[in-house]
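Next comes coords34.txt, with compact mmCIF, C-alpha atoms and all ligand atoms.
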# COMPACT_ATOMS: atom_id res chain seq x y z
CA MET A 266 -6.48 -9.39 -22.40
CA TYR A 267 -6.03 -5.65 -21.93
CA SER A 268 -3.55 -3.88 -19.66
CA VAL A 269 -5.08 -1.48 -17.12
CA ALA A 270 -3.81 1.47 -19.18
CA GLU A 271 -5.63 0.10 -22.23
CA LEU A 272 -8.77 -0.60 -20.18
CA ILE A 273 -8.76 3.00 -18.97
CA ALA A 274 -8.47 4.25 -22.54
CA ILE A 275 -11.32 1.98 -23.67
CA THR A 276 -13.67 2.69 -20.76
CA ALA A 277 -13.01 6.43 -20.43
CA ALA A 278 -15.49 7.17 -23.20
CA GLU A 279 -18.15 5.03 -21.47
CA GLU A 280 -17.53 6.52 -18.01
CA GLY A 281 -16.29 3.07 -17.00
CA SER A 282 -13.30 4.49 -15.14
CA CYS A 283 -13.47 6.35 -11.83
CA ASP A 284 -11.66 9.44 -13.11
CA SER A 285 -11.63 10.85 -16.64
CA LYS A 286 -8.14 12.27 -15.95
CA LEU A 287 -6.75 8.72 -15.85
CA GLU A 288 -6.33 8.97 -19.59
CA ARG A 289 -3.65 11.60 -18.99
CA GLN A 290 -0.10 10.40 -18.51
CA PRO A 291 1.24 10.80 -14.95
CA TRP A 292 3.76 13.52 -15.88
CA SER A 293 0.91 15.82 -16.83
CA VAL A 294 0.23 16.17 -13.08
CA ASP A 295 3.87 16.47 -11.90
CA SER A 296 3.87 20.25 -12.17
CA ASP A 297 0.21 20.78 -11.23
CA PRO A 298 0.12 21.95 -7.56
CA GLY A 299 -3.61 21.27 -7.38
CA ALA A 300 -3.33 17.70 -8.64
CA GLY A 301 -3.07 16.13 -5.17
CA TYR A 302 -2.42 12.40 -5.42
CA GLY A 303 -3.36 12.50 -9.09
CA PRO A 304 -6.22 10.73 -10.86
CA GLY A 305 -7.47 7.38 -9.56
CA ALA A 306 -8.87 6.05 -6.29
CA SER A 307 -7.21 8.67 -4.03
CA ALA A 308 -8.06 11.69 -6.19
CA GLN A 309 -10.46 13.11 -3.58
CA ASP A 310 -8.33 12.37 -0.47
CA PRO A 311 -6.98 15.35 1.48
CA VAL A 312 -3.31 15.89 0.71
CA PRO A 313 -0.77 16.88 3.41
CA LEU A 314 1.02 20.18 2.81
CA ALA A 315 4.47 18.62 2.63
CA ILE A 316 3.72 15.94 0.03
CA PRO A 317 6.85 15.22 -2.07
CA ARG A 318 6.62 16.35 -5.68
CA GLN A 319 8.27 14.94 -8.78
CA GLN A 320 10.44 17.15 -10.98
CA PRO A 321 9.18 17.27 -14.59
CA LEU A 322 10.64 14.54 -16.80
CA PRO A 323 12.69 15.55 -19.86
CA ALA A 324 10.79 15.39 -23.16
CA ALA A 325 13.08 12.57 -24.30
CA TYR A 326 11.08 10.36 -21.93
CA THR A 327 7.60 11.82 -22.06
CA GLU A 328 7.60 11.84 -25.86
CA ALA A 329 9.06 8.35 -26.29
CA SER A 330 6.77 5.58 -27.51
CA GLU A 331 5.98 2.57 -25.34
CA GLU A 332 8.27 0.40 -27.50
CA GLU A 333 11.14 2.87 -27.27
CA LEU A 334 10.81 3.10 -23.49
CA ARG A 335 10.77 -0.67 -23.19
CA ALA A 336 13.94 -0.96 -25.29
CA ARG A 337 15.70 1.80 -23.33
CA ILE A 338 14.80 0.23 -19.98
CA MET A 339 16.03 -3.16 -21.13
CA ALA A 340 19.30 -1.73 -22.46
CA ALA A 341 19.96 0.31 -19.29
CA LYS A 342 19.07 -2.62 -17.07
CA LYS A 343 21.45 -4.89 -18.97
CA ALA A 344 24.28 -2.36 -18.73
CA LEU A 345 23.71 -1.87 -14.99
CA GLY A 346 23.68 -5.64 -14.38
CA ASN A 347 23.64 -6.87 -10.78
CA ARG A 348 24.49 -3.41 -9.44
CA VAL A 349 20.80 -2.51 -9.55
CA ARG A 350 17.68 -4.52 -8.63
CA ILE A 351 14.24 -3.43 -9.83
CA LEU A 352 11.50 -4.19 -7.29
CA GLY A 353 7.86 -4.21 -8.44
CA HIS A 354 4.82 -4.18 -6.19
CA PHE A 355 1.85 -6.42 -7.10
CA TYR A 356 -0.26 -3.30 -7.76
CA GLN A 357 2.08 -1.90 -10.43
CA ARG A 358 1.09 -1.66 -14.07
CA ASP A 359 2.22 -4.53 -16.33
CA GLU A 360 4.42 -2.25 -18.45
CA VAL A 361 6.57 -1.72 -15.34
CA ILE A 362 6.27 -5.21 -13.83
CA ILE A 363 7.77 -6.85 -16.93
CA HIS A 364 11.11 -5.21 -15.98
CA ALA A 365 11.05 -6.16 -12.28
CA ASP A 366 13.64 -8.56 -10.87
CA ASP A 367 11.40 -9.20 -7.86
CA VAL A 368 7.63 -8.87 -7.62
CA GLY A 369 5.89 -8.95 -4.26
CA ASP A 370 4.06 -7.14 -1.50
CA SER A 371 5.57 -4.23 0.38
CA PHE A 372 7.37 -6.20 3.07
CA MET A 373 8.62 -8.97 0.78
CA LEU A 374 10.20 -6.29 -1.40
CA ALA A 375 11.52 -4.20 1.50
CA GLN A 376 13.60 -7.19 2.58
CA ALA A 377 15.38 -7.28 -0.79
CA ALA A 378 18.50 -5.78 0.75
CA ARG A 379 18.94 -8.92 2.82
CA ARG A 380 18.66 -11.11 -0.28
CA TYR A 381 20.95 -8.96 -2.43
CA PRO A 382 23.75 -7.63 -0.23
CA GLN A 383 25.88 -6.92 -3.33
CA ALA A 384 23.32 -4.60 -4.97
CA GLU A 385 24.29 -0.92 -4.97
CA ALA A 386 20.78 0.37 -5.61
CA PHE A 387 17.16 -0.77 -5.48
CA VAL A 388 14.70 0.90 -7.83
CA PHE A 389 11.45 0.51 -5.92
CA CYS A 390 8.43 0.55 -8.23
CA GLY A 391 5.93 1.00 -5.45
CA VAL A 392 5.08 3.88 -3.11
CA HIS A 393 6.98 6.07 -0.67
CA PHE A 394 6.49 4.17 2.62
CA MET A 395 7.74 0.99 0.92
CA ALA A 396 10.91 2.71 -0.25
CA GLU A 397 11.41 4.07 3.28
CA THR A 398 11.09 0.57 4.75
CA ALA A 399 13.56 -0.79 2.20
CA ASP A 400 15.98 2.00 3.17
CA ILE A 401 15.57 1.17 6.87
CA LEU A 402 16.40 -2.49 6.21
CA SER A 403 19.21 -1.94 3.70
CA ARG A 404 22.83 -1.02 4.33
CA PRO A 405 23.72 2.69 4.39
CA GLU A 406 25.71 2.45 1.16
CA GLN A 407 22.77 0.87 -0.71
CA ALA A 408 20.50 3.47 -2.36
CA VAL A 409 16.73 3.05 -2.51
CA ILE A 410 15.15 4.98 -5.36
CA LEU A 411 11.50 5.81 -6.01
CA PRO A 412 11.18 6.51 -9.76
CA ASN A 413 8.41 9.08 -9.14
CA LEU A 414 8.60 10.95 -5.82
CA ALA A 415 4.89 11.78 -6.05
CA ALA A 416 4.07 8.10 -5.57
CA GLY A 417 3.03 8.42 -1.93
CA CYS A 418 0.17 6.59 -0.23
CA SER A 419 -2.95 8.43 0.83
CA MET A 420 -3.58 5.96 3.65
CA ALA A 421 -0.07 6.30 5.10
CA ASP A 422 -0.44 10.10 4.93
CA MET A 423 -3.61 9.94 7.08
CA ALA A 424 -1.53 9.48 10.26
CA THR A 425 1.19 12.07 10.87
CA LEU A 426 3.64 11.91 13.77
CA ALA A 427 2.27 15.14 15.27
CA GLN A 428 -1.29 13.74 15.24
CA VAL A 429 -0.21 10.43 16.78
CA GLU A 430 1.79 12.19 19.52
CA GLN A 431 -1.20 14.42 20.25
CA CYS A 432 -3.41 11.33 20.50
CA PHE A 433 -1.06 9.72 23.04
CA THR A 434 -0.83 12.94 25.04
CA GLU A 435 -4.61 13.13 25.32
CA LEU A 436 -4.90 9.43 26.14
CA SER A 437 -2.31 9.76 28.91
CA GLU A 438 -4.70 12.18 30.68
CA ILE A 439 -7.54 9.65 30.92
CA LEU A 440 -5.98 6.17 30.81
CA GLU A 441 -4.04 4.53 33.63
CA GLU A 442 -1.49 3.21 31.11
CA PRO A 443 -0.79 4.11 27.46
CA PRO A 444 -2.03 1.71 24.76
CA ILE A 445 0.45 -0.46 22.88
CA PRO A 446 0.95 1.31 19.52
CA VAL A 447 0.62 -0.97 16.50
CA THR A 448 1.15 0.41 13.03
CA TYR A 449 0.39 -1.20 9.70
CA MET A 450 3.35 -1.48 7.34
CA ASN A 451 1.54 1.15 5.26
CA SER A 452 2.71 4.06 7.39
CA ALA A 453 5.52 6.59 7.37
CA ALA A 454 8.89 5.72 8.88
CA ASP A 455 8.40 8.18 11.76
CA ILE A 456 5.18 6.38 12.79
CA LYS A 457 7.04 3.06 12.81
CA ALA A 458 9.74 4.78 14.88
CA PHE A 459 7.10 6.08 17.33
CA CYS A 460 5.96 2.48 17.81
CA GLY A 461 9.54 1.32 18.28
CA ARG A 462 10.16 3.98 20.97
CA ASN A 463 6.90 3.30 22.80
CA GLY A 464 6.90 -0.48 23.20
CA GLY A 465 4.96 -1.00 19.97
CA ILE A 466 5.26 -2.97 16.81
CA VAL A 467 4.55 -3.06 13.05
CA CYS A 468 2.16 -5.48 11.33
CA THR A 469 1.36 -6.55 7.79
CA SER A 470 -1.99 -7.72 6.47
CA SER A 471 -0.65 -11.30 6.75
CA ASN A 472 0.34 -11.20 10.41
CA ALA A 473 -2.02 -8.63 11.98
CA ALA A 474 -3.67 -11.22 14.28
CA THR A 475 -0.33 -12.53 15.56
CA VAL A 476 0.84 -8.98 16.16
CA LEU A 477 -2.34 -8.01 18.04
CA GLU A 478 -1.93 -11.07 20.27
CA TRP A 479 1.69 -10.00 20.87
CA ALA A 480 0.43 -6.56 21.86
CA PHE A 481 -2.34 -7.88 24.14
CA ALA A 482 0.27 -9.98 25.95
CA ARG A 483 1.90 -6.64 26.90
CA GLY A 484 -1.06 -4.40 27.60
CA ARG A 485 -4.80 -4.28 27.93
CA ARG A 486 -5.30 -1.88 25.05
CA VAL A 487 -3.94 -1.28 21.54
CA ALA A 488 -3.88 1.85 19.37
CA PHE A 489 -3.93 0.78 15.72
CA PHE A 490 -2.62 3.05 12.90
CA PRO A 491 -3.50 4.08 10.23
CA ASP A 492 -5.96 1.61 8.63
CA GLN A 493 -9.17 1.36 10.65
CA HIS A 494 -10.45 -1.50 8.47
CA LEU A 495 -7.50 -3.85 8.93
CA GLY A 496 -7.60 -3.08 12.66
CA ARG A 497 -11.35 -3.62 12.94
CA ASN A 498 -11.43 -6.79 10.83
CA THR A 499 -8.56 -8.36 12.74
CA ALA A 500 -9.91 -7.44 16.19
CA HIS A 501 -13.39 -8.64 15.21
CA ASP A 502 -11.97 -12.07 14.31
CA MET A 503 -10.37 -12.15 17.76
CA GLY A 504 -13.79 -11.72 19.37
CA ILE A 505 -13.52 -8.02 20.25
CA GLY A 506 -16.86 -6.21 19.96
CA GLU A 507 -17.40 -3.08 17.88
CA GLU A 508 -18.27 -1.14 21.08
CA GLN A 509 -14.71 -1.75 22.30
CA MET A 510 -13.17 -0.29 19.13
CA PRO A 511 -13.69 3.48 19.19
CA LEU A 512 -12.56 5.43 16.14
CA TRP A 513 -9.98 8.17 16.77
CA ARG A 514 -10.58 11.17 14.48
CA PRO A 515 -7.46 13.34 14.54
CA GLY A 516 -8.20 17.01 15.16
CA LYS A 517 -11.11 16.31 17.54
CA LYS A 518 -10.80 16.37 21.32
CA LEU A 519 -10.22 12.75 22.46
CA GLY A 520 -10.59 11.79 18.82
CA GLY A 521 -14.32 12.54 19.05
CA ASN A 522 -14.86 10.01 21.88
CA THR A 523 -15.91 10.27 25.52
CA PRO A 524 -13.40 9.33 28.25
CA GLU A 525 -15.63 6.34 29.11
CA GLN A 526 -15.57 5.00 25.53
CA LEU A 527 -11.78 5.13 25.53
CA GLN A 528 -11.49 3.65 29.02
CA ASP A 529 -13.70 0.70 27.97
CA SER A 530 -11.81 0.17 24.71
CA ARG A 531 -9.55 -2.69 23.68
CA VAL A 532 -8.52 -1.34 20.25
CA ILE A 533 -8.46 2.37 19.44
CA LEU A 534 -8.75 2.58 15.66
CA TRP A 535 -7.21 5.46 13.72
CA ASN A 536 -9.51 7.06 11.17
CA GLY A 537 -7.46 6.04 8.13
CA PHE A 538 -8.41 3.96 5.12
CA CYS A 539 -7.29 2.86 1.69
CA SER A 540 -9.29 4.57 -1.03
CA VAL A 541 -8.77 1.62 -3.36
CA HIS A 542 -10.22 -0.97 -0.96
CA ARG A 543 -12.91 1.32 0.42
CA ARG A 544 -14.60 1.19 -2.99
CA PHE A 545 -15.69 -2.43 -2.54
CA SER A 546 -19.24 -2.97 -1.30
CA VAL A 547 -21.66 -5.66 -0.18
CA ALA A 548 -23.87 -4.73 -3.15
CA GLN A 549 -21.03 -5.68 -5.51
CA ILE A 550 -20.71 -9.06 -3.78
CA GLU A 551 -24.47 -9.65 -4.00
CA ARG A 552 -24.38 -8.81 -7.70
CA ALA A 553 -21.46 -11.18 -8.30
CA ARG A 554 -23.34 -13.98 -6.50
CA ARG A 555 -26.48 -13.29 -8.54
CA GLU A 556 -24.69 -13.19 -11.88
CA PHE A 557 -22.22 -16.02 -11.18
CA PRO A 558 -23.83 -18.67 -8.96
CA GLY A 559 -21.06 -20.59 -7.19
CA VAL A 560 -18.60 -17.66 -7.42
CA ARG A 561 -15.95 -17.52 -4.71
CA VAL A 562 -15.44 -13.99 -3.36
CA ILE A 563 -12.03 -13.09 -1.93
CA VAL A 564 -11.21 -9.62 -0.60
CA HIS A 565 -8.35 -7.78 1.07
CA PRO A 566 -8.74 -6.96 4.80
CA GLU A 567 -8.35 -3.24 4.02
CA CYS A 568 -11.98 -3.49 2.81
CA PRO A 569 -14.75 -2.31 5.18
CA ALA A 570 -15.96 -4.90 7.73
CA PRO A 571 -19.37 -5.63 6.09
CA VAL A 572 -17.54 -6.47 2.83
CA VAL A 573 -15.08 -8.78 4.57
CA ARG A 574 -17.94 -10.53 6.37
CA ALA A 575 -19.94 -10.98 3.17
CA ALA A 576 -16.93 -12.47 1.32
CA ASP A 577 -15.88 -16.12 1.36
CA GLY A 578 -12.34 -15.26 2.36
CA ALA A 579 -10.18 -12.26 3.22
CA GLY A 580 -6.43 -11.90 3.32
CA SER A 581 -3.29 -10.22 2.05
CA THR A 582 -2.27 -10.02 -1.60
CA ASP A 583 -0.21 -13.14 -1.02
CA TYR A 584 -3.27 -14.93 0.40
CA ILE A 585 -5.34 -13.85 -2.61
CA ARG A 586 -2.72 -15.13 -5.03
CA LYS A 587 -2.48 -18.45 -3.21
CA GLN A 588 -6.27 -18.86 -3.15
CA VAL A 589 -6.38 -18.34 -6.91
CA ALA A 590 -3.48 -20.76 -7.41
CA ALA A 591 -5.36 -23.37 -5.35
CA SER A 592 -8.56 -23.02 -7.42
CA THR A 593 -9.32 -25.41 -10.27
CA PRO A 594 -9.99 -24.80 -13.98
CA GLY A 595 -13.56 -23.68 -14.53
CA ASP A 596 -13.81 -21.92 -11.14
CA THR A 597 -15.19 -18.38 -10.92
CA ILE A 598 -13.48 -15.99 -8.51
CA ALA A 599 -14.41 -12.39 -7.74
CA ILE A 600 -11.61 -10.39 -6.12
CA GLY A 601 -11.69 -7.22 -4.04
CA THR A 602 -8.26 -5.66 -4.43
CA GLU A 603 -6.31 -3.36 -6.76
CA ILE A 604 -7.12 -3.92 -10.42
CA ASN A 605 -3.57 -4.47 -11.68
CA LEU A 606 -3.21 -7.56 -9.49
CA VAL A 607 -6.65 -8.87 -10.49
CA ASN A 608 -5.86 -8.35 -14.18
CA ARG A 609 -2.57 -10.18 -13.86
CA LEU A 610 -4.23 -13.14 -12.15
CA GLN A 611 -6.80 -13.17 -14.95
CA ALA A 612 -4.02 -13.40 -17.54
CA GLN A 613 -2.16 -16.03 -15.53
CA TYR A 614 -5.19 -18.34 -15.20
CA PRO A 615 -7.12 -18.07 -18.49
CA ASP A 616 -9.00 -21.33 -17.73
CA ARG A 617 -10.81 -19.66 -14.77
CA THR A 618 -13.24 -16.75 -14.67
CA ILE A 619 -11.51 -14.12 -12.54
CA PHE A 620 -12.80 -10.58 -12.23
CA CYS A 621 -12.59 -7.49 -10.03
CA LEU A 622 -15.63 -6.97 -7.78
CA ASP A 623 -15.67 -3.30 -8.74
CA PRO A 624 -16.83 -3.01 -12.36
CA VAL A 625 -15.32 0.49 -12.61
CA VAL A 626 -11.63 0.74 -13.55
CA CYS A 627 -10.04 2.66 -10.70
CA PRO A 628 -6.35 2.00 -9.97
CA CYS A 629 -4.38 3.20 -6.96
CA SER A 630 -3.58 6.85 -7.78
CA THR A 631 -0.07 6.71 -6.45
CA MET A 632 1.03 3.33 -7.82
CA TYR A 633 -0.25 4.73 -11.13
CA ARG A 634 2.31 7.54 -10.93
CA ILE A 635 5.09 5.04 -11.73
CA HIS A 636 5.20 4.79 -15.51
CA PRO A 637 7.89 3.25 -17.76
CA ALA A 638 9.05 6.79 -18.62
CA TYR A 639 10.12 7.33 -14.97
CA LEU A 640 11.78 3.93 -14.84
CA ALA A 641 13.74 4.66 -18.03
CA TRP A 642 14.78 8.07 -16.67
CA THR A 643 15.87 6.51 -13.35
CA LEU A 644 17.94 3.72 -14.92
CA GLU A 645 19.59 5.97 -17.51
CA SER A 646 20.41 8.50 -14.76
CA LEU A 647 22.10 5.70 -12.79
CA LEU A 648 24.08 4.73 -15.89
CA GLU A 649 25.26 8.33 -16.16
CA GLY A 650 26.47 8.22 -12.56
CA ARG A 651 23.57 10.16 -10.99
CA THR A 652 21.27 8.79 -8.26
CA PRO A 653 17.89 10.47 -8.72
CA ASN A 654 15.00 10.36 -6.21
CA ARG A 655 16.91 8.62 -3.43
CA VAL A 656 14.67 7.98 -0.41
CA THR A 657 16.56 8.15 2.88
CA VAL A 658 15.37 7.83 6.45
CA LYS A 659 17.40 9.61 9.16
CA GLU A 660 19.33 7.05 11.23
CA SER A 661 17.70 8.18 14.50
CA VAL A 662 14.27 7.44 12.96
CA ALA A 663 15.45 4.30 11.17
CA ALA A 664 16.93 2.80 14.36
CA ALA A 665 13.64 3.11 16.28
CA ALA A 666 11.60 1.92 13.29
CA ARG A 667 13.89 -1.10 12.99
CA VAL A 668 13.05 -2.01 16.61
CA ALA A 669 9.34 -2.14 15.76
CA LEU A 670 10.02 -4.13 12.57
CA GLU A 671 12.27 -6.61 14.40
CA ARG A 672 9.58 -7.10 17.04
CA MET A 673 7.18 -8.00 14.23
CA LEU A 674 9.60 -10.56 12.80
CA GLU A 675 9.99 -12.16 16.21
CA ALA A 676 6.32 -11.89 17.26
CA ARG A 677 4.61 -15.09 18.33
CA PRO A 678 1.04 -15.30 19.58
S1 LIG B 701 -3.54 0.60 -2.63
FE1 LIG B 701 -4.19 1.86 -0.86
S2 LIG B 701 -2.75 1.36 0.78
FE2 LIG B 701 -1.84 0.62 -1.17
S3 LIG B 701 -0.55 2.34 -1.85
FE3 LIG B 701 -2.56 2.61 -2.83
S4 LIG B 701 -3.67 4.00 -1.41
FE4 LIG B 701 -1.91 3.16 -0.28

Mind converting the file's structure to structure tokens?
Amino acid sequence: MYSVAELIAITAAEEGSCDSKLERQPWSVDSDPGAGYGPGASAQDPVPLAIPRQQPLPAAYTEASEEELRARIMAAKKALGNRVRILGHFYQRDEVIIHADDVGDSFMLAQAARRYPQAEAFVFCGVHFMAETADILSRPEQAVILPNLAAGCSMADMATLAQVEQCFTELSEILEEPPIPVTYMNSAADIKAFCGRNGGIVCTSSNAATVLEWAFARGRRVAFFPDQHLGRNTAHDMGIGEEQMPLWRPGKKLGGNTPEQLQDSRVILWNGFCSVHRRFSVAQIERARREFPGVRVIVHPECPAPVVRAADGAGSTDYIRKQVAASTPGDTIAIGTEINLVNRLQAQYPDRTIFCLDPVVCPCSTMYRIHPAYLAWTLESLLEGRTPNRVTVKESVAAAARVALERMLEARP
């Protein structure tokens, strides 16, 4: 069983990875202003001007071997004890996950502060919006740290506050009442705050249907940010037709729609997407079914609608993990989600055939930016009394975002 880093090294020569630059270590792009999100699935996505950048790491980290980094992380972690919790997202590389105290999806991890009130700091091995959410839910004296500040999320960056406010201004000119704003967890804190201030709510990929029902109990129409696919797949399952789900393209007048299309709508979908999940296709599913008769295909709802409809099941990372756990030895399962999670499931269940639907190795560009070298640097900085890369959300923003998050926790259909 190979780690994703090893797979990239092996397949690079055969053009089996989506980006030849994946062989480079993440710090080689820290000081490259043209690097965007870095190599991987989001490499071609447009990058906002104000994207956070990571300061170059000292050579003591970039030149250290994998074994040395592992030993340094373990030693620093031991010395820091319960003062610091390391949180690892399911999509992180194994070399980082082995050090995590908690492994989970973005919301499970963001709630760590409630589980560990004594912790002084959380080192969030995930991406920026996750660290923001953890900061919103933690106490002011608890620090949330992102080991590499360049670990953003291209999907979250596809909806900015200015664009969303412009959208609502234009809608107010043609609709009798504003839509209920619903934002996916994968969005910036100021978008969550916008929802909190405007009678809206946050959702995850596990509870999107419950949240949409909550919203429809309060208004005829919903505006869904930033992932069009999660919005479309969820609304489709609720019986809403495609013709009632116009796509809002920021920068175009009325998002590129006619007033009538928007007036007839039930869900206005933002033109955002995840570049990892957009790679999955119906052709890949057909190939898996041809090559592995009896295969069960499970995908994430951030995949395009035709892919979700062609699969046997769709759900959050937690759903995918539970489906695999419920399978039996000898089963064959094809999965449409980030390769690090698929690889880990493969290793965990060696008596089943588990593979990623996409035969090309293409990890999330931004999750990939967290490497053991950054984790070692972060932990050793904490030991020396410094708090690097702290992610903080202004209290005025955090308070409104918390309203939208609390509504989600209390939402009932
Ligand atoms: S997998 Fe997609 S949604 Fe998740 S962090 Fe990466 S780009 Fe963002």

Margin query: Any residue with an atom at most 7 Å from ligand LIG 701 (chain B) counts, using only C-alpha atoms and all ligand atoms. Which are they? Put them as a PyMOL selection string.
Written below: chain A and resi 307+392+418-421+451+539-542+603+629-632

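Proximity of A:Ala591, A:Ala340, A:Leu640, A:Leu402 to Ala375 (chain A), computed with all atoms listed in the file, is greatest for A:Leu402.
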
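By chain and then residue number, the residues within 10 Å of Ser268 (chain A) are Ala274, Arg358, Asp359, Glu360, Ile604, Asn605, Asn608, Arg609 and Ala612 of chain A, counting all atoms listed in the file and disregarding those fewer than 6 positions away in sequence.
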
Using all atoms listed in the file, find each residue in region 388-462 of chain A having at least one atom no more than 7 Å away from region 491-515 of chain A; report its shortest atom-to-atom pair and that distance in Å (one decimal), rows by chain then rising number, as JSON lines.
{"residue": "A:Met420", "atom": "CA", "partner": "A:Pro491", "partner_atom": "CA", "distance": 6.8}
{"residue": "A:Ala421", "atom": "CA", "partner": "A:Pro491", "partner_atom": "CA", "distance": 6.6}
{"residue": "A:Met423", "atom": "CA", "partner": "A:Pro491", "partner_atom": "CA", "distance": 6.7}
{"residue": "A:Ala424", "atom": "CA", "partner": "A:Pro491", "partner_atom": "CA", "distance": 5.7}
{"residue": "A:Gln428", "atom": "CA", "partner": "A:Pro515", "partner_atom": "CA", "distance": 6.2}
{"residue": "A:Thr448", "atom": "CA", "partner": "A:Pro491", "partner_atom": "CA", "distance": 6.6}
{"residue": "A:Tyr449", "atom": "CA", "partner": "A:Pro491", "partner_atom": "CA", "distance": 6.6}
{"residue": "A:Ser452", "atom": "CA", "partner": "A:Pro491", "partner_atom": "CA", "distance": 6.8}

Separating CA of Leu648 (chain A) from CA of Arg634 (chain A), to the nearest tenth of an Å, is a gap of 22.5 Å

Taking into account only C-alpha atoms, which residue in the set A:Leu436, A:Asp596, A:Ala453, A:Ile445 is nearest to Ala482 (chain A)?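 Selected residue with least distance to Ala482 (chain A): A:Ile445.
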
note - CA of Ser330 (chain A) and CA of Leu606 (chain A) are separated by 24.4 Å

Would you mind telling me which residue in A:Arg574, A:Tyr584, A:Met673, A:Tyr326 lies nearest to Ala480 (chain A) when using all atoms listed in the file?
->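 Counting all atoms listed in the file, the residue closest to Ala480 (chain A) is A:Met673.
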
note - CA of Arg337 (chain A) and CA of Ala415 (chain A) are separated by 22.7 Å

Hey, can I get the axis-aligned box for region 433-448 of chain A? All listed atoms, 5 Å padding on each side, centre and edge lengths in Å to one decimal, as lines of an AutoDock Vina configuration file.
center_x = -3.2
center_y = 6.1
center_z = 23.3
size_x = 18.7
size_y = 24.1
size_z = 30.6

- List as a list in words: which residues have an atom within 9 Å of (20.2, 0.0, 8.0), counting all atoms listed in the file?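 Within 9 Å of (20.2, 0.0, 8.0), the protein and nucleic acid residues are Ala399, Asp400, Ile401, Leu402, Ser403, Arg404, Pro405, Glu660, Ala663, Ala664 and Arg667 of chain A.
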
Practice problem: Just the residues within 12 Å of Thr582 (chain A), please, counting all atoms listed in the file, with nothing from its chain fewer than 5 positions along; format it as number ranges by chain. | Solution: A: 354-356, 368-373, 469-471, 563-567, 587-589, 600-607, 610

Using 8 Å as the limit and counting only C-alpha atoms, can you tabulate each residue of region 271-366 of chain A that touches region 380-388 of chain A, with its shortest atom-to-atom distance in Å and the two atoms involved, as CSV?
residue,atom,partner,partner_atom,distance
A:Asn347,CA,A:Ala384,CA,6.2
A:Arg348,CA,A:Ala384,CA,4.8
A:Val349,CA,A:Ala386,CA,4.9
A:Arg350,CA,A:Phe387,CA,4.9
A:Ile351,CA,A:Val388,CA,4.8
A:Leu352,CA,A:Val388,CA,6.0

Pull C-alpha atoms from the residues just selected and write them as a compact mmCIF listing (two decimals), in the frame of the given file.
# COMPACT_ATOMS: atom_id res chain seq x y z
CA ASN A 347 23.64 -6.87 -10.78
CA ARG A 348 24.49 -3.41 -9.44
CA VAL A 349 20.80 -2.51 -9.55
CA ARG A 350 17.68 -4.52 -8.63
CA ILE A 351 14.24 -3.43 -9.83
CA LEU A 352 11.50 -4.19 -7.29

One residue among A:Val668, A:Ala575, A:Ala590, A:Leu527 is nearest to Ile439 (chain A) when using only C-alpha atoms, and that residue is A:Leu527

Using only C-alpha atoms, find the one residue out of A:Ile619, A:Ala638, A:Ala576, A:Gln309 that sits nearest to Pro594 (chain A).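 Closest candidate: A:Ile619.
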
Q. Hey, which of A:Val626, A:Val467, A:Val476, A:Cys432 ends up closest to Leu534 (chain A)? Count all atoms listed in the file.
A.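 Among the listed residues, the smallest separation from Leu534 (chain A) belongs to A:Cys432.
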
List the spatial neighbours of Thr652 (chain A) as a list in words - criterion: any atom at most 10 Å away, all atoms listed in the file, same-chain residues fewer than 6 positions off excluded.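 Near neighbours after the sequence-gap exclusion: Ala386, Ala408, Val409, Ile410, Thr643, Leu644, Glu645 and Ser646 of chain A.
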
> Can you list, as a ChimeraX atom specification, every protein, DNA or RNA residue that comes within 12 Å of Ala427 (chain A) when you count all atoms listed in the file, leaving out same-chain residues fewer than 6 positions away?
Replying inline: /A:433-434,455-456,459,515-516

Please dump the current selection as a PDB file, keeping the file's coordinate frame; keep C-alpha atoms.
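selection.pdb, freshly written:
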ATOM      1  CA  PHE A 433      -1.060   9.720  23.040  1.00  0.00           C
ATOM      2  CA  THR A 434      -0.830  12.940  25.040  1.00  0.00           C
ATOM      3  CA  ASP A 455       8.400   8.180  11.760  1.00  0.00           C
ATOM      4  CA  ILE A 456       5.180   6.380  12.790  1.00  0.00           C
ATOM      5  CA  PHE A 459       7.100   6.080  17.330  1.00  0.00           C
ATOM      6  CA  PRO A 515      -7.460  13.340  14.540  1.00  0.00           C
ATOM      7  CA  GLY A 516      -8.200  17.010  15.160  1.00  0.00           C
TER       8      GLY A 516
END

Taking N, CA and C atoms as the atom set, what does region 623-627 of chain A look like once completed, written as an mmCIF file, keeping the file's coordinate frame?
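After the write, rebuild-v7.cif holds the following:
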data_model
loop_
_atom_site.group_PDB
_atom_site.id
_atom_site.type_symbol
_atom_site.label_atom_id
_atom_site.label_comp_id
_atom_site.auth_asym_id
_atom_site.auth_seq_id
_atom_site.Cartn_x
_atom_site.Cartn_y
_atom_site.Cartn_z
ATOM 1 N N ASP A 623 -15.264 -4.646 -8.342
ATOM 2 C CA ASP A 623 -15.670 -3.300 -8.740
ATOM 3 C C ASP A 623 -15.671 -3.222 -10.268
ATOM 4 N N PRO A 624 -16.813 -3.013 -10.894
ATOM 5 C CA PRO A 624 -16.830 -3.010 -12.360
ATOM 6 C C PRO A 624 -16.173 -1.754 -12.962
ATOM 7 N N VAL A 625 -15.901 -0.756 -12.119
ATOM 8 C CA VAL A 625 -15.320 0.490 -12.610
ATOM 9 C C VAL A 625 -13.791 0.406 -12.516
ATOM 10 N N VAL A 626 -13.094 0.791 -13.565
ATOM 11 C CA VAL A 626 -11.630 0.740 -13.550
ATOM 12 C C VAL A 626 -11.090 1.897 -12.729
ATOM 13 N N CYS A 627 -10.491 1.593 -11.599
ATOM 14 C CA CYS A 627 -10.040 2.660 -10.700
ATOM 15 C C CYS A 627 -8.757 2.228 -9.980
#
